[in-house]
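Participant: This is the structure, below, for whatever I ask next.
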Amino acid sequence: MHDPKFLRQHRDKVEAGVALKGMSVDLARFYALEERRLAVLHETEQLKANRNAASEAIAAVKKRGGDASADIATMREVGERIKVLDTELKTLEEEGEALAAWIPNLPHPSVPPGSGPEQNQTLRSWGEPPRFDVTPKPHWELATGLGLLDFDRAAKIAGSGFLLFTGRGARLERALINFMLDFHTTRHGYTEVSPPHVVRRAALFGTGQLPKLEGDMYLMGEDDLFLNPTAEVPVTNIYREEILGPGMLPRNLTACCASYRREAGAYGKDTRGMVRVHQFDKVELVKIVPPETGYDEHERLARDVSDILEALELPYRVQLLCSGDMSFAAAKCYDFEVWSPGTGTWLECSSCSTFEDFQARRMGLRFRREVGAKSEFPHTLNASGLALPRTYATLLENHQTAAGGVRIPQALRPYLGGLDELKPEA
């Protein structure tokens, strides 16, 4: 949500920013409503001031024993007019707020303009894609051959787009989760939390998933609760509608939480293996920080993501997303893409975003620097650190061996009892 004063005073910036995001918002209607709202508000306040002054004058006339009936009749008409205006004002405010909820966060000046992935900028890369003497296998073949995943039985249980990890495969997923949580808490200083898997509409509105993305989420209708679409939602909303006291910022939080997405409109895309699924685990990183440190913290957050990928020995590149490829709520975003030898493509394993104070305003989240000081809106940031399915898939593909096994990166071996390779079972 934007500062209403900013929206009123910087229409040109708002229109330009929305155009850069490539999103359709009826800004003409919003500003027409705002113009009328201010006019009605001004008239209402003027009439109320006149009524107050007239009430004092009428009281004085009555005290002197005079006849104030004409003035009283006039004030009744004024009162009726105020009622009409108050009703109109409420309607204008409700419609204006509903439209304002659809105005996306505006891109930071450093974000390149563009409409899609083709305009994203590669900032840096790390590691060399592995070379193989034979054609590398895709992760679904490796996972099936090693007995790590059972795609057919998963579909029997829940339909397509769901995963069933088995045996060593389930242990590998758990190892990845524990490794990443330990890494972020012990080396990067995050505090671990374990949030609910269901979220309220207010929480989804706060982080910007609603109203735009309702069709992509699983709704439990009787309770009007949603299955969490991404761990960003419950973790960032921990402090919604609170004023954090002096010394409480920055807050650096990490969590593993299952996420659920219907992916409405995405059917037929990346349907093989683990690239696009409806349920997945993700280790999330969330920062809540003072505004002046927001962009420095964004760079630190990106470094934290890099550290995990490098510890897992996965070749990756960092993409600065263009304006039209960012999410509704993001002001700036880096995508971390890992090379997938089995498909010959780069797969996004983390998005690292800053939202400035956009989410904090929607959540009603504030902080105070000192006791008694005026409250302010903090900046919020988040990143996947990392999302499991694509990390799991690229780990299998990049570390596959000629014998059909998978080498375990050194950093992950303690979480697998010292195992250095997943070998085909005899």
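Labels used: A, B, ... for chains in the order of the structure tokens, numbers from 1 for residues in each chain, and numbers from 1 for ligands as shown.
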To test your reading of the structure, identify every residue in range 339-387 of chain A that backbone DSSP assigns to strand (DSSP E), and report it as JSON, numbers by chain.
Facilitator: {"A": [339, 340, 345, 346, 347, 348, 349, 350, 351, 352, 353, 354, 366, 367, 379, 380, 381, 382, 383, 384, 385, 386, 387]}
Participant: Create the file for the chosen residues now, containing N, CA and C atoms and written as a PDB file, in the first residue's frame.
Facilitator:
```
ATOM      1  N   TRP A 339      22.010 -23.692 -12.884  1.00  0.00           N
ATOM      2  CA  TRP A 339      22.087 -24.415 -14.149  1.00  0.00           C
ATOM      3  C   TRP A 339      21.548 -25.828 -13.982  1.00  0.00           C
ATOM      4  N   SER A 340      20.688 -26.223 -14.934  1.00  0.00           N
ATOM      5  CA  SER A 340      20.111 -27.564 -14.949  1.00  0.00           C
ATOM      6  C   SER A 340      20.675 -28.321 -16.149  1.00  0.00           C
ATOM      7  N   THR A 345      18.718 -25.720 -19.125  1.00  0.00           N
ATOM      8  CA  THR A 345      18.121 -24.420 -18.829  1.00  0.00           C
ATOM      9  C   THR A 345      18.588 -23.940 -17.455  1.00  0.00           C
ATOM     10  N   TRP A 346      18.322 -22.673 -17.191  1.00  0.00           N
ATOM     11  CA  TRP A 346      18.544 -22.105 -15.869  1.00  0.00           C
ATOM     12  C   TRP A 346      17.227 -22.160 -15.114  1.00  0.00           C
ATOM     13  N   LEU A 347      17.268 -22.638 -13.867  1.00  0.00           N
ATOM     14  CA  LEU A 347      16.065 -22.758 -13.044  1.00  0.00           C
ATOM     15  C   LEU A 347      16.150 -21.823 -11.847  1.00  0.00           C
ATOM     16  N   GLU A 348      15.124 -21.026 -11.651  1.00  0.00           N
ATOM     17  CA  GLU A 348      15.083 -20.115 -10.511  1.00  0.00           C
ATOM     18  C   GLU A 348      14.925 -20.919  -9.218  1.00  0.00           C
ATOM     19  N   CYS A 349      15.868 -20.740  -8.303  1.00  0.00           N
ATOM     20  CA  CYS A 349      15.797 -21.400  -6.998  1.00  0.00           C
ATOM     21  C   CYS A 349      15.561 -20.419  -5.858  1.00  0.00           C
ATOM     22  N   SER A 350      15.673 -19.125  -6.145  1.00  0.00           N
ATOM     23  CA  SER A 350      15.397 -18.118  -5.119  1.00  0.00           C
ATOM     24  C   SER A 350      15.104 -16.784  -5.776  1.00  0.00           C
ATOM     25  N   SER A 351      14.131 -16.077  -5.226  1.00  0.00           N
ATOM     26  CA  SER A 351      13.906 -14.674  -5.542  1.00  0.00           C
ATOM     27  C   SER A 351      14.216 -13.876  -4.292  1.00  0.00           C
ATOM     28  N   CYS A 352      14.998 -12.837  -4.442  1.00  0.00           N
ATOM     29  CA  CYS A 352      15.470 -12.027  -3.318  1.00  0.00           C
ATOM     30  C   CYS A 352      14.941 -10.612  -3.527  1.00  0.00           C
ATOM     31  N   SER A 353      13.956 -10.222  -2.731  1.00  0.00           N
ATOM     32  CA  SER A 353      13.214  -8.990  -3.000  1.00  0.00           C
ATOM     33  C   SER A 353      13.218  -8.028  -1.830  1.00  0.00           C
ATOM     34  N   THR A 354      13.176  -6.740  -2.159  1.00  0.00           N
ATOM     35  CA  THR A 354      12.883  -5.708  -1.179  1.00  0.00           C
ATOM     36  C   THR A 354      11.568  -5.051  -1.557  1.00  0.00           C
ATOM     37  N   ARG A 366       4.619  -1.001  12.270  1.00  0.00           N
ATOM     38  CA  ARG A 366       5.423   0.193  12.508  1.00  0.00           C
ATOM     39  C   ARG A 366       6.531  -0.116  13.521  1.00  0.00           C
ATOM     40  N   PHE A 367       7.401   0.854  13.702  1.00  0.00           N
ATOM     41  CA  PHE A 367       8.427   0.748  14.746  1.00  0.00           C
ATOM     42  C   PHE A 367       8.726   2.129  15.298  1.00  0.00           C
ATOM     43  N   HIS A 379      11.125  -1.214   6.435  1.00  0.00           N
ATOM     44  CA  HIS A 379      11.220  -1.917   5.153  1.00  0.00           C
ATOM     45  C   HIS A 379      11.184  -3.411   5.419  1.00  0.00           C
ATOM     46  N   THR A 380      10.552  -4.151   4.522  1.00  0.00           N
ATOM     47  CA  THR A 380      10.544  -5.612   4.613  1.00  0.00           C
ATOM     48  C   THR A 380      11.231  -6.194   3.386  1.00  0.00           C
ATOM     49  N   LEU A 381      11.896  -7.348   3.592  1.00  0.00           N
ATOM     50  CA  LEU A 381      12.600  -8.033   2.517  1.00  0.00           C
ATOM     51  C   LEU A 381      12.419  -9.531   2.715  1.00  0.00           C
ATOM     52  N   ASN A 382      12.516 -10.279   1.637  1.00  0.00           N
ATOM     53  CA  ASN A 382      12.527 -11.730   1.788  1.00  0.00           C
ATOM     54  C   ASN A 382      13.244 -12.388   0.622  1.00  0.00           C
ATOM     55  N   ALA A 383      13.634 -13.641   0.870  1.00  0.00           N
ATOM     56  CA  ALA A 383      14.261 -14.467  -0.171  1.00  0.00           C
ATOM     57  C   ALA A 383      14.038 -15.927   0.189  1.00  0.00           C
ATOM     58  N   SER A 384      14.010 -16.763  -0.825  1.00  0.00           N
ATOM     59  CA  SER A 384      14.049 -18.202  -0.581  1.00  0.00           C
ATOM     60  C   SER A 384      15.491 -18.568  -0.271  1.00  0.00           C
ATOM     61  N   GLY A 385      15.637 -19.365   0.798  1.00  0.00           N
ATOM     62  CA  GLY A 385      17.018 -19.680   1.141  1.00  0.00           C
ATOM     63  C   GLY A 385      17.295 -21.159   1.418  1.00  0.00           C
ATOM     64  N   LEU A 386      16.799 -22.135   0.640  1.00  0.00           N
ATOM     65  CA  LEU A 386      16.265 -22.007  -0.727  1.00  0.00           C
ATOM     66  C   LEU A 386      14.929 -22.744  -0.843  1.00  0.00           C
ATOM     67  N   ALA A 387      14.312 -22.659  -2.045  1.00  0.00           N
ATOM     68  CA  ALA A 387      13.154 -23.485  -2.352  1.00  0.00           C
ATOM     69  C   ALA A 387      13.627 -24.893  -2.677  1.00  0.00           C
TER      70      ALA A 387
END
```
Participant: Need the shell around Lys212 in chain A: protein/DNA/RNA residues with any atom at most 10 Å away, counting only C-alpha atoms. Skip same-chain ones fewer than 5 positions apart. Format as a ChimeraX atom specification?
Facilitator: /A:101-102,104,205,328
Participant: Quick one: residues within 9 Å of Thr207 in chain A, only C-alpha atoms, excluding same-chain residues fewer than 3 positions away - as an MDAnalysis selection string?
Facilitator: chainID A and resid 202:204 210 232:233 236:237 329 358:360 362:363
Participant: Using only C-alpha atoms, find the one residue out of A:Ile238, A:Pro113, A:Arg200, A:Glu118 that sits nearest to Asp223 in chain A.
Facilitator: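 Result for the nearest residue to Asp223 in chain A: A:Arg200.
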Participant: Name the residues in contact with Lys137 in chain A at a cut-off of 7 Å, using only C-alpha atoms, excluding same-chain residues fewer than 5 positions from it; report them as a PyMOL selection string.
Facilitator: chain A and resi 142+342+397
Participant: Give me the residues within 12 Å of Val283 in chain A as a PyMOL selection string, counting only C-alpha atoms and dropping any in the same chain fewer than 5 places off.
Facilitator: chain A and resi 173-174+176-185+190+192-195+230-232+235+253-259+305+308+349-350+382-389+391
Participant: What would the file look like if the residues just selected were written as a short mmCIF file (atom, residue, chain, number, x, y, z; two decimals), in the first residue's frame with C-alpha atoms?
Facilitator:
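Contents of again_14.cif, freshly written:
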```cif
data_model
loop_
_atom_site.label_atom_id
_atom_site.label_comp_id
_atom_site.auth_asym_id
_atom_site.auth_seq_id
_atom_site.Cartn_x
_atom_site.Cartn_y
_atom_site.Cartn_z
CA GLU A 173 15.12 -33.55 1.47
CA ARG A 174 15.25 -33.45 5.28
CA LEU A 176 18.76 -30.11 2.81
CA ILE A 177 16.21 -28.42 5.08
CA ASN A 178 18.25 -28.97 8.24
CA PHE A 179 21.46 -27.89 6.54
CA MET A 180 19.93 -24.63 5.30
CA LEU A 181 18.24 -23.78 8.62
CA ASP A 182 21.44 -24.46 10.53
CA PHE A 183 23.48 -22.44 8.03
CA HIS A 184 21.21 -19.38 8.28
CA THR A 185 20.87 -19.49 12.06
CA TYR A 190 18.71 -15.50 11.65
CA GLU A 192 14.29 -19.68 13.40
CA VAL A 193 10.49 -19.72 13.59
CA SER A 194 7.92 -22.36 12.65
CA PRO A 195 4.73 -20.66 11.41
CA THR A 230 4.79 -19.05 0.28
CA ALA A 231 6.50 -18.89 3.67
CA GLU A 232 6.97 -15.15 3.18
CA VAL A 235 6.69 -15.06 8.63
CA LEU A 253 13.86 -14.57 10.59
CA THR A 254 14.12 -17.94 8.89
CA ALA A 255 11.59 -20.75 8.63
CA CYS A 256 10.87 -23.94 6.77
CA CYS A 257 7.26 -24.07 5.76
CA ALA A 258 5.36 -26.11 3.22
CA SER A 259 3.86 -23.94 0.48
CA VAL A 305 21.45 -16.85 -0.69
CA ILE A 308 23.98 -21.55 0.41
CA CYS A 349 15.80 -21.40 -7.00
CA SER A 350 15.40 -18.12 -5.12
CA ASN A 382 12.53 -11.73 1.79
CA ALA A 383 14.26 -14.47 -0.17
CA SER A 384 14.05 -18.20 -0.58
CA GLY A 385 17.02 -19.68 1.14
CA LEU A 386 16.27 -22.01 -0.73
CA ALA A 387 13.15 -23.49 -2.35
CA LEU A 388 13.47 -27.26 -2.15
CA PRO A 389 12.18 -28.82 -5.40
CA THR A 391 17.38 -27.04 -5.46
#
```
Participant: Nearest residue to Ser160 in chain A out of A:His197, A:His188, A:Arg64, A:Arg272, using only C-alpha atoms?
Facilitator: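 Closest candidate: A:Arg272.
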Participant: Distance CA of Glu45 in chain A-CA of Ile82 in chain A, one decimal place?
Facilitator: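 Computed distance, CA of Glu45 in chain A to CA of Ile82 in chain A, equals 8.9 Å.
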Participant: Identify which of the residues A:Thr44, A:Arg413, A:Leu148, A:Gly65 lies closest to Val84 in chain A, counting only C-alpha atoms when measuring atom-to-atom distances.
Facilitator: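 Among A:Thr44, A:Arg413, A:Leu148, A:Gly65, it is A:Thr44 that comes nearest to Val84 in chain A.
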Participant: Can you pull out every residue from range 227-387 of chain A that DSSP, working from the backbone, puts in alpha helix (DSSP H), and format the result as an NGL selection string?
Facilitator: :A and (232-236 or 294-311 or 358-363)
Participant: Let's have the selection written as a PDB file, in the first residue's frame, with N, CA and C atoms.
Facilitator:
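Output contents, as saved in selection.pdb:
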```
ATOM      1  N   GLU A 232       6.907 -16.606   2.980  1.00  0.00           N
ATOM      2  CA  GLU A 232       6.974 -15.149   3.177  1.00  0.00           C
ATOM      3  C   GLU A 232       5.743 -14.637   3.921  1.00  0.00           C
ATOM      4  N   VAL A 233       4.572 -15.202   3.617  1.00  0.00           N
ATOM      5  CA  VAL A 233       3.326 -14.653   4.152  1.00  0.00           C
ATOM      6  C   VAL A 233       3.235 -14.806   5.671  1.00  0.00           C
ATOM      7  N   PRO A 234       3.291 -16.039   6.224  1.00  0.00           N
ATOM      8  CA  PRO A 234       3.165 -16.132   7.672  1.00  0.00           C
ATOM      9  C   PRO A 234       4.325 -15.513   8.436  1.00  0.00           C
ATOM     10  N   VAL A 235       5.539 -15.579   7.879  1.00  0.00           N
ATOM     11  CA  VAL A 235       6.693 -15.062   8.626  1.00  0.00           C
ATOM     12  C   VAL A 235       6.671 -13.539   8.665  1.00  0.00           C
ATOM     13  N   THR A 236       6.428 -12.875   7.541  1.00  0.00           N
ATOM     14  CA  THR A 236       6.409 -11.412   7.522  1.00  0.00           C
ATOM     15  C   THR A 236       5.257 -10.871   8.353  1.00  0.00           C
ATOM     16  N   GLY A 294      17.554  -0.378   4.237  1.00  0.00           N
ATOM     17  CA  GLY A 294      16.835  -1.353   3.423  1.00  0.00           C
ATOM     18  C   GLY A 294      17.614  -1.899   2.244  1.00  0.00           C
ATOM     19  N   TYR A 295      18.280  -1.040   1.490  1.00  0.00           N
ATOM     20  CA  TYR A 295      18.954  -1.516   0.284  1.00  0.00           C
ATOM     21  C   TYR A 295      20.309  -2.158   0.593  1.00  0.00           C
ATOM     22  N   ASP A 296      20.960  -1.729   1.670  1.00  0.00           N
ATOM     23  CA  ASP A 296      22.153  -2.453   2.110  1.00  0.00           C
ATOM     24  C   ASP A 296      21.775  -3.859   2.571  1.00  0.00           C
ATOM     25  N   GLU A 297      20.653  -3.961   3.267  1.00  0.00           N
ATOM     26  CA  GLU A 297      20.182  -5.278   3.724  1.00  0.00           C
ATOM     27  C   GLU A 297      19.782  -6.167   2.550  1.00  0.00           C
ATOM     28  N   HIS A 298      19.311  -5.553   1.478  1.00  0.00           N
ATOM     29  CA  HIS A 298      18.976  -6.339   0.290  1.00  0.00           C
ATOM     30  C   HIS A 298      20.231  -7.016  -0.260  1.00  0.00           C
ATOM     31  N   GLU A 299      21.337  -6.291  -0.263  1.00  0.00           N
ATOM     32  CA  GLU A 299      22.593  -6.888  -0.741  1.00  0.00           C
ATOM     33  C   GLU A 299      23.084  -7.977   0.213  1.00  0.00           C
ATOM     34  N   ARG A 300      22.910  -7.779   1.512  1.00  0.00           N
ATOM     35  CA  ARG A 300      23.295  -8.823   2.479  1.00  0.00           C
ATOM     36  C   ARG A 300      22.430 -10.067   2.300  1.00  0.00           C
ATOM     37  N   LEU A 301      21.158  -9.850   2.078  1.00  0.00           N
ATOM     38  CA  LEU A 301      20.242 -10.974   1.865  1.00  0.00           C
ATOM     39  C   LEU A 301      20.661 -11.776   0.641  1.00  0.00           C
ATOM     40  N   ALA A 302      21.032 -11.073  -0.425  1.00  0.00           N
ATOM     41  CA  ALA A 302      21.505 -11.756  -1.635  1.00  0.00           C
ATOM     42  C   ALA A 302      22.783 -12.543  -1.354  1.00  0.00           C
ATOM     43  N   ARG A 303      23.641 -12.004  -0.506  1.00  0.00           N
ATOM     44  CA  ARG A 303      24.873 -12.733  -0.162  1.00  0.00           C
ATOM     45  C   ARG A 303      24.556 -14.013   0.617  1.00  0.00           C
ATOM     46  N   ASP A 304      23.531 -13.933   1.475  1.00  0.00           N
ATOM     47  CA  ASP A 304      23.135 -15.113   2.248  1.00  0.00           C
ATOM     48  C   ASP A 304      22.646 -16.233   1.333  1.00  0.00           C
ATOM     49  N   VAL A 305      21.918 -15.857   0.286  1.00  0.00           N
ATOM     50  CA  VAL A 305      21.452 -16.848  -0.692  1.00  0.00           C
ATOM     51  C   VAL A 305      22.650 -17.435  -1.443  1.00  0.00           C
ATOM     52  N   SER A 306      23.561 -16.574  -1.846  1.00  0.00           N
ATOM     53  CA  SER A 306      24.753 -17.032  -2.560  1.00  0.00           C
ATOM     54  C   SER A 306      25.544 -18.041  -1.740  1.00  0.00           C
ATOM     55  N   ASP A 307      25.658 -17.782  -0.443  1.00  0.00           N
ATOM     56  CA  ASP A 307      26.449 -18.668   0.418  1.00  0.00           C
ATOM     57  C   ASP A 307      25.892 -20.088   0.405  1.00  0.00           C
ATOM     58  N   ILE A 308      24.589 -20.220   0.419  1.00  0.00           N
ATOM     59  CA  ILE A 308      23.976 -21.554   0.409  1.00  0.00           C
ATOM     60  C   ILE A 308      24.262 -22.265  -0.912  1.00  0.00           C
ATOM     61  N   LEU A 309      24.064 -21.567  -2.018  1.00  0.00           N
ATOM     62  CA  LEU A 309      24.291 -22.175  -3.325  1.00  0.00           C
ATOM     63  C   LEU A 309      25.742 -22.590  -3.503  1.00  0.00           C
ATOM     64  N   GLU A 310      26.656 -21.764  -3.014  1.00  0.00           N
ATOM     65  CA  GLU A 310      28.072 -22.093  -3.155  1.00  0.00           C
ATOM     66  C   GLU A 310      28.457 -23.256  -2.242  1.00  0.00           C
ATOM     67  N   ALA A 311      27.853 -23.325  -1.054  1.00  0.00           N
ATOM     68  CA  ALA A 311      28.132 -24.451  -0.166  1.00  0.00           C
ATOM     69  C   ALA A 311      27.646 -25.762  -0.780  1.00  0.00           C
ATOM     70  N   PHE A 358       6.129  -0.874   1.451  1.00  0.00           N
ATOM     71  CA  PHE A 358       4.858  -1.231   0.804  1.00  0.00           C
ATOM     72  C   PHE A 358       4.089  -2.271   1.621  1.00  0.00           C
ATOM     73  N   GLN A 359       4.758  -3.364   2.013  1.00  0.00           N
ATOM     74  CA  GLN A 359       4.094  -4.394   2.799  1.00  0.00           C
ATOM     75  C   GLN A 359       3.783  -3.906   4.208  1.00  0.00           C
ATOM     76  N   ALA A 360       4.703  -3.170   4.814  1.00  0.00           N
ATOM     77  CA  ALA A 360       4.491  -2.693   6.181  1.00  0.00           C
ATOM     78  C   ALA A 360       3.241  -1.824   6.268  1.00  0.00           C
ATOM     79  N   ARG A 361       3.008  -0.987   5.260  1.00  0.00           N
ATOM     80  CA  ARG A 361       1.802  -0.153   5.260  1.00  0.00           C
ATOM     81  C   ARG A 361       0.549  -1.017   5.154  1.00  0.00           C
ATOM     82  N   ARG A 362       0.590  -2.034   4.310  1.00  0.00           N
ATOM     83  CA  ARG A 362      -0.578  -2.906   4.144  1.00  0.00           C
ATOM     84  C   ARG A 362      -0.843  -3.722   5.406  1.00  0.00           C
ATOM     85  N   MET A 363       0.218  -4.026   6.161  1.00  0.00           N
ATOM     86  CA  MET A 363       0.079  -4.828   7.377  1.00  0.00           C
ATOM     87  C   MET A 363      -0.168  -3.984   8.624  1.00  0.00           C
TER      88      MET A 363
END
```
Participant: What separation in Å, quoted to one decimal, exists between CA of Thr394 in chain A and CA of Leu419 in chain A?
Facilitator: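 These atoms are spaced 18.6 Å apart.
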Participant: Need the shell around Glu97 in chain A: protein/DNA/RNA residues with any atom at most 10 Å away, counting only C-alpha atoms. Skip same-chain ones fewer than 6 positions apart. Format as a tab-separated table (two decimals) with C-alpha atoms, in the first residue's frame?
Facilitator:
```tsv
chain	number	residue	atom	x	y	z
A	1	MET	CA	0.00	0.00	0.00
A	4	PRO	CA	-2.04	8.30	0.32
A	30	PHE	CA	-8.89	6.39	-8.76
A	33	LEU	CA	-12.63	9.48	-6.96
A	34	GLU	CA	-9.86	11.16	-5.00
A	91	THR	CA	-18.74	5.32	-0.55
```
Participant: Taking only C-alpha atoms into account, name the residue in A:Leu225, A:Leu89, A:Ala158, A:Leu20 that is nearest to Arg37 in chain A.
Facilitator: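 Nearest candidate to Arg37 in chain A out of A:Leu225, A:Leu89, A:Ala158, A:Leu20: A:Leu89.
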Participant: With only C-alpha atoms as the counted atoms, please give the residues lying no more than 8 Å from range 39-43 of chain A, apart from itself and same-chain residues fewer than 4 positions off, as an NGL selection string.
Facilitator: :A and (35 or 47 or 85 or 88-89)
Participant: Just write the chosen residues, N, CA and C atoms, as a tab-separated table (two decimals), in the first residue's frame.
Facilitator:
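And here's again.tsv as it stands now:
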```tsv
chain	number	residue	atom	x	y	z
A	35	GLU	N	-10.33	13.15	-6.30
A	35	GLU	CA	-10.68	14.56	-6.49
A	35	GLU	C	-12.06	14.85	-5.88
A	47	LEU	N	-19.34	22.81	6.23
A	47	LEU	CA	-20.71	22.81	6.76
A	47	LEU	C	-20.74	22.51	8.25
A	85	LEU	N	-23.69	14.00	2.46
A	85	LEU	CA	-22.28	14.06	2.11
A	85	LEU	C	-21.47	13.00	2.84
A	88	GLU	N	-21.93	9.81	1.00
A	88	GLU	CA	-21.16	9.82	-0.25
A	88	GLU	C	-19.67	9.67	0.05
A	89	LEU	N	-19.21	10.34	1.11
A	89	LEU	CA	-17.79	10.28	1.46
A	89	LEU	C	-17.38	8.85	1.80
```
Participant: Interatomic distance between CA of Met274 in chain A and CA of Met220 in chain A?
Facilitator: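 These two atoms are separated by 25.2 Å.
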Participant: Smallest atom-to-atom distance to Leu244 in chain A: which of A:Pro290, A:Gly273, A:Pro130, A:Gly405, using only C-alpha atoms?
Facilitator: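 Of the candidates, the smallest distance to Leu244 in chain A is held by A:Pro290.
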